[in-house]
$ cat input-v5.txt   # compact mmCIF, C-alpha atoms and all ligand atoms
# COMPACT_ATOMS: atom_id res chain seq x y z
CA MET N 907 5.10 9.90 -0.82
CA ARG N 908 1.68 8.75 0.14
CA ALA N 909 2.98 7.95 3.62
CA ARG N 910 4.10 11.52 4.20
CA LEU N 911 0.80 12.85 2.96
CA PHE N 912 -0.94 10.78 5.58
CA VAL N 913 1.27 12.14 8.31
CA LEU N 914 -0.08 15.58 7.47
CA ILE N 915 -3.69 14.53 7.12
CA SER N 916 -3.82 12.27 10.10
CA VAL N 917 -1.82 14.02 12.78
CA SER N 918 -4.68 13.68 15.22
CA LEU N 919 -4.89 9.93 14.59
CA ALA N 920 -1.13 9.57 15.02
CA VAL N 921 -1.34 11.21 18.43
CA PHE N 922 -3.31 8.25 19.67
CA GLY N 923 -0.18 6.28 18.90
CA THR N 924 -1.63 2.89 19.72
CA ALA N 925 -0.56 1.43 16.42
CA ASN N 926 -0.32 -2.21 17.41
CA SER N 927 -3.54 -2.36 19.36
CA ALA N 928 -5.30 -0.97 16.31
CA LEU N 929 -4.27 -3.96 14.21
CA GLY N 930 -6.91 -6.42 13.27
CA ARG N 931 -9.88 -4.11 13.24
CA GLY N 932 -10.94 -1.26 11.07
CA ILE N 933 -9.08 1.99 11.52
CA VAL N 934 -11.15 5.01 10.68
CA SER N 935 -9.37 7.49 8.51
CA ALA N 936 -10.56 10.36 6.40
CA GLY N 937 -8.60 9.57 3.30
CA ALA N 938 -7.13 6.08 3.11
CA CYS N 939 -9.46 4.80 0.40
CA SER N 940 -10.46 8.09 -1.18
CA SER N 941 -7.29 9.17 -2.99
CA GLY N 942 -5.48 7.49 -5.85
CA THR N 943 -7.24 5.22 -8.33
CA LEU N 944 -10.44 4.00 -6.71
CA ALA N 945 -12.56 0.89 -7.05
CA SER N 946 -15.16 -0.85 -4.98
CA THR N 947 -16.83 -4.22 -4.62
CA ALA N 948 -19.86 -5.39 -2.67
CA THR N 949 -18.25 -4.86 0.73
CA TYR N 950 -14.88 -3.18 0.14
CA ARG N 951 -13.44 0.06 -1.11
CA PHE N 952 -9.98 0.12 -2.65
CA ALA N 953 -7.42 2.80 -3.47
CA LEU N 954 -4.45 2.02 -5.69
CA ASP N 955 -1.35 4.18 -5.66
CA ILE N 956 1.79 3.76 -7.76
CA GLY N 957 4.74 5.84 -6.58
CA PRO N 958 8.52 5.81 -6.43
CA GLN N 959 10.37 2.80 -5.09
CA GLU N 960 10.26 2.64 -1.28
CA ASP N 961 12.83 1.38 1.15
CA MET N 962 11.20 -1.35 3.24
CA TYR N 963 12.45 -2.37 6.66
CA LEU N 964 11.58 -4.69 9.50
CA ALA N 965 10.18 -2.97 12.59
CA SER N 966 13.28 -4.04 14.53
CA GLU N 967 15.57 -2.28 12.02
CA VAL N 968 13.49 0.89 12.15
CA LYS N 969 13.88 0.97 15.91
CA ALA N 970 17.56 0.04 16.03
CA ARG N 971 18.60 2.43 13.27
CA HIS N 972 16.17 5.26 14.15
CA LEU N 973 14.96 5.34 10.56
CA LYS N 974 12.65 8.18 9.63
CA THR N 975 11.73 7.38 6.03
CA GLY N 976 10.63 4.30 4.16
CA GLU N 977 8.12 1.67 5.13
CA ILE N 978 7.79 -0.92 7.86
CA MET N 979 7.15 -4.46 6.64
CA LEU N 980 4.46 -6.00 8.82
CA GLY N 981 4.06 -9.24 6.92
CA GLY N 982 4.81 -10.94 3.65
CA GLU N 983 7.97 -10.64 1.66
CA MET N 984 9.75 -7.85 -0.07
CA ALA N 985 10.07 -8.32 -3.83
CA MET N 986 13.72 -8.61 -4.83
CA ILE N 987 14.05 -6.83 -8.13
CA GLY N 988 17.76 -6.11 -8.61
CA THR N 989 18.29 -4.46 -11.97
CA PRO N 990 14.91 -3.76 -13.56
CA PRO N 991 14.42 -5.09 -17.11
CA ALA N 992 15.32 -2.71 -19.96
CA GLY N 993 12.73 0.02 -20.43
CA THR N 994 11.30 -0.34 -16.94
CA ARG N 995 11.80 1.40 -13.61
CA VAL N 996 11.12 0.20 -10.10
CA TYR N 997 7.93 1.60 -8.58
CA HIS N 998 6.06 0.97 -5.36
CA LEU N 999 2.53 -0.29 -5.88
CA GLU N 1000 0.21 -0.10 -2.92
CA VAL N 1001 -3.43 -0.89 -2.35
CA HIS N 1002 -5.41 0.38 0.61
CA ILE N 1003 -8.49 -1.66 1.42
CA CYS N 1004 -11.36 -0.20 3.46
CA ASN N 1005 -14.85 -1.16 4.44
CA LYS N 1006 -17.72 0.88 3.10
CA ALA N 1007 -17.44 3.29 6.03
CA GLY N 1008 -13.89 4.12 4.99
CA ALA N 1009 -12.06 2.29 7.79
CA VAL N 1010 -8.77 0.69 6.72
CA LEU N 1011 -8.88 -3.09 6.93
CA THR N 1012 -5.82 -4.98 8.10
CA LYS N 1013 -4.81 -8.64 7.98
CA LEU N 1014 -6.67 -9.45 4.79
CA LYS N 1015 -5.02 -11.78 2.30
CA PRO N 1016 -5.56 -10.09 -1.03
CA THR N 1017 -4.10 -11.33 -4.27
CA ILE N 1018 -2.75 -8.61 -6.55
CA ARG N 1019 -2.21 -9.17 -10.24
CA VAL N 1020 -0.61 -6.63 -12.55
CA ASP N 1021 -1.34 -7.47 -16.17
CA GLN N 1022 -1.80 -11.13 -15.11
CA ALA N 1023 1.51 -11.34 -13.18
CA MET N 1024 1.16 -11.97 -9.45
CA LEU N 1025 2.58 -9.29 -7.18
CA PRO N 1026 3.38 -10.64 -3.71
CA ALA N 1027 1.08 -8.71 -1.36
CA ALA N 1028 3.28 -7.68 1.54
CA THR N 1029 1.68 -5.61 4.29
CA MET N 1030 3.25 -2.30 5.17
CA VAL N 1031 2.84 1.02 6.88
CA GLY N 1032 4.92 4.13 6.28
CA ILE N 1033 7.48 4.89 8.99
CA GLY N 1034 5.94 7.52 11.26
CA SER N 1035 2.54 7.09 9.66
CA PRO N 1036 -0.62 6.16 11.54
CA MET N 1037 -2.06 2.69 11.04
CA SER N 1038 -4.55 4.18 8.59
CA ASP N 1039 -1.61 4.05 6.13
CA TYR N 1040 -1.66 0.23 6.38
CA HIS N 1041 -1.60 -1.20 2.87
CA TYR N 1042 -0.85 -4.19 0.69
CA GLY N 1043 1.64 -4.24 -2.16
CA ASN N 1044 5.28 -4.32 -3.12
CA ASP N 1045 7.97 -2.89 -5.31
CA ILE N 1046 7.53 -3.74 -8.97
CA ALA N 1047 9.32 -3.02 -12.26
CA LEU N 1048 6.96 -1.24 -14.69
CA LYS N 1049 7.25 0.69 -17.93
CA PRO N 1050 6.90 4.44 -17.32
CA ALA N 1051 3.63 5.81 -18.78
CA ALA N 1052 2.38 2.30 -19.64
CA LYS N 1053 -1.31 1.53 -19.33
CA ILE N 1054 -1.79 -1.36 -16.93
CA THR N 1055 -4.61 -3.35 -15.41
CA VAL N 1056 -4.40 -4.20 -11.73
CA LYS N 1057 -6.74 -6.81 -10.30
CA VAL N 1058 -7.15 -7.19 -6.56
CA THR N 1059 -9.13 -10.09 -5.12
CA VAL N 1060 -10.25 -10.19 -1.49
CA LYS N 1061 -12.47 -12.97 -0.20
CA GLY N 1062 -13.72 -13.72 -3.68
CA GLN N 1063 -14.45 -10.10 -4.53
CA LEU N 1064 -12.60 -8.73 -7.53
CA ALA N 1065 -11.68 -5.08 -8.00
CA ILE N 1066 -10.27 -4.03 -11.36
CA PHE N 1067 -8.21 -0.89 -11.89
CA HIS N 1068 -7.21 0.53 -15.24
CA THR N 1069 -4.44 3.00 -14.68
CA THR N 1070 -1.32 4.54 -16.15
CA VAL N 1071 2.11 4.15 -14.64
CA PRO N 1072 3.61 7.54 -13.66
CA LYS N 1073 6.34 8.82 -15.99
CA ARG N 1074 8.86 8.76 -13.15
CU CU N 1101 4.15 0.08 0.77

$ encode --input "input-v5.txt" --output "structure tokens" --more "lines below"
Ligand SMILES: [Cu+2]
Amino acid sequence: MRARLFVLISVSLAVFGTANSALGRGIVSAGACSSGTLASTATYRFALDIGPQEDMYLASEVKARHLKTGEIMLGGEMAMIGTPPAGTRVYHLEVHICNKAGAVLTKLKPTIRVDQAMLPAATMVGIGSPMSDYHYGNDIALKPAAKITVKVTVKGQLAIFHTTVPKR
């Protein structure tokens, strides 16, 4: 969902197309850390988004199968959820991390905790999205409409989000 939104917003960025060369430094984008649930720390800005489950693929699969939707896994591991526990649904939780100027930061090693449970922070970008969609997160089973606390730590800086899981 978010990925598609970024395709619309960032068409001009996508035209540059130099996705890989943009890795490892800040990628300026108008909106990456300004929509969703926001938080900031001394040197970072964060945007948390919880949406529907996403299909995640390796870059090689995306190329070989000409996939147009889902997300490319750039690092880390996909959470294997199987059948979600009773009363929960599988969502996709993603955190965009920017510097104070709003440039998306890649290759950080954040820890993400959802109500104290660790969520493996894989790195991803939506298929067809510019690198400004780069984010950290994973699929996770959550209770629809539940109030949750998400804590993201980067280089000793803690951002705390209080948010509500979407109903669906
Ligand atoms: Cu993702």

$ atom_distance --input "input-v5.txt" --atom1 "atom CA of N:Met986" --atom2 "atom CA of N:Thr1069"
23.7 Å

$ atom_distance --input "input-v5.txt" --atom1 "atom CA of N:Val1031" --atom2 "atom CA of N:Asp1045"
13.8 Å

$ axis_aligned_box --input "input-v5.txt" --around "stretch 1049-1063 of chain N" --padding-each-side "4 Å" --output "lines of an AutoDock Vina configuration file"
center_x = -3.6
center_y = -4.0
center_z = -9.9
size_x = 29.7
size_y = 27.5
size_z = 27.4

$ closest_atom_pairs --input "input-v5.txt" --of "chain N" --to "ligand CU 1101 (chain N)" --cutoff "7 Å" --atoms "only C-alpha atoms and all ligand atoms" --output "Markdown table"
| residue | atom | partner | partner_atom | distance |
| --- | --- | --- | --- | --- |
| N:Glu960 | CA | N:CU1101 | CU | 6.9 |
| N:Glu977 | CA | N:CU1101 | CU | 6.1 |
| N:His998 | CA | N:CU1101 | CU | 6.5 |
| N:Leu999 | CA | N:CU1101 | CU | 6.9 |
| N:Glu1000 | CA | N:CU1101 | CU | 5.4 |
| N:Met1030 | CA | N:CU1101 | CU | 5.1 |
| N:Val1031 | CA | N:CU1101 | CU | 6.3 |
| N:Gly1032 | CA | N:CU1101 | CU | 6.9 |
| N:His1041 | CA | N:CU1101 | CU | 6.3 |
| N:Tyr1042 | CA | N:CU1101 | CU | 6.6 |
| N:Gly1043 | CA | N:CU1101 | CU | 5.8 |
| N:Asn1044 | CA | N:CU1101 | CU | 6.0 |

$ write_last_selection --input "input-v5.txt" --atoms "C-alpha atoms" --output "PDB file, in the frame of the given file"
ATOM      1  CA  GLU N 960      10.260   2.640  -1.280  1.00  0.00           C
ATOM      2  CA  GLU N 977       8.120   1.670   5.130  1.00  0.00           C
ATOM      3  CA  HIS N 998       6.060   0.970  -5.360  1.00  0.00           C
ATOM      4  CA  LEU N 999       2.530  -0.290  -5.880  1.00  0.00           C
ATOM      5  CA  GLU N1000       0.210  -0.100  -2.920  1.00  0.00           C
ATOM      6  CA  MET N1030       3.250  -2.300   5.170  1.00  0.00           C
ATOM      7  CA  VAL N1031       2.840   1.020   6.880  1.00  0.00           C
ATOM      8  CA  GLY N1032       4.920   4.130   6.280  1.00  0.00           C
ATOM      9  CA  HIS N1041      -1.600  -1.200   2.870  1.00  0.00           C
ATOM     10  CA  TYR N1042      -0.850  -4.190   0.690  1.00  0.00           C
ATOM     11  CA  GLY N1043       1.640  -4.240  -2.160  1.00  0.00           C
ATOM     12  CA  ASN N1044       5.280  -4.320  -3.120  1.00  0.00           C
TER      13      ASN N1044
END

$ residues_around --input "input-v5.txt" --residues "N:Pro1016" --least-positions-apart "5" --cutoff "8 Å" --atoms "all atoms listed in the file" --output "list in words"
Ala1027, Tyr1042, Val1058, Thr1059, Val1060 and Lys1061 of chain N

$ write_last_selection --input "input-v5.txt" --atoms "C-alpha atoms" --output "tab-separated table (two decimals), in the frame of the given file"
chain	number	residue	atom	x	y	z
N	1027	ALA	CA	1.08	-8.71	-1.36
N	1042	TYR	CA	-0.85	-4.19	0.69
N	1058	VAL	CA	-7.15	-7.19	-6.56
N	1059	THR	CA	-9.13	-10.09	-5.12
N	1060	VAL	CA	-10.25	-10.19	-1.49
N	1061	LYS	CA	-12.47	-12.97	-0.20
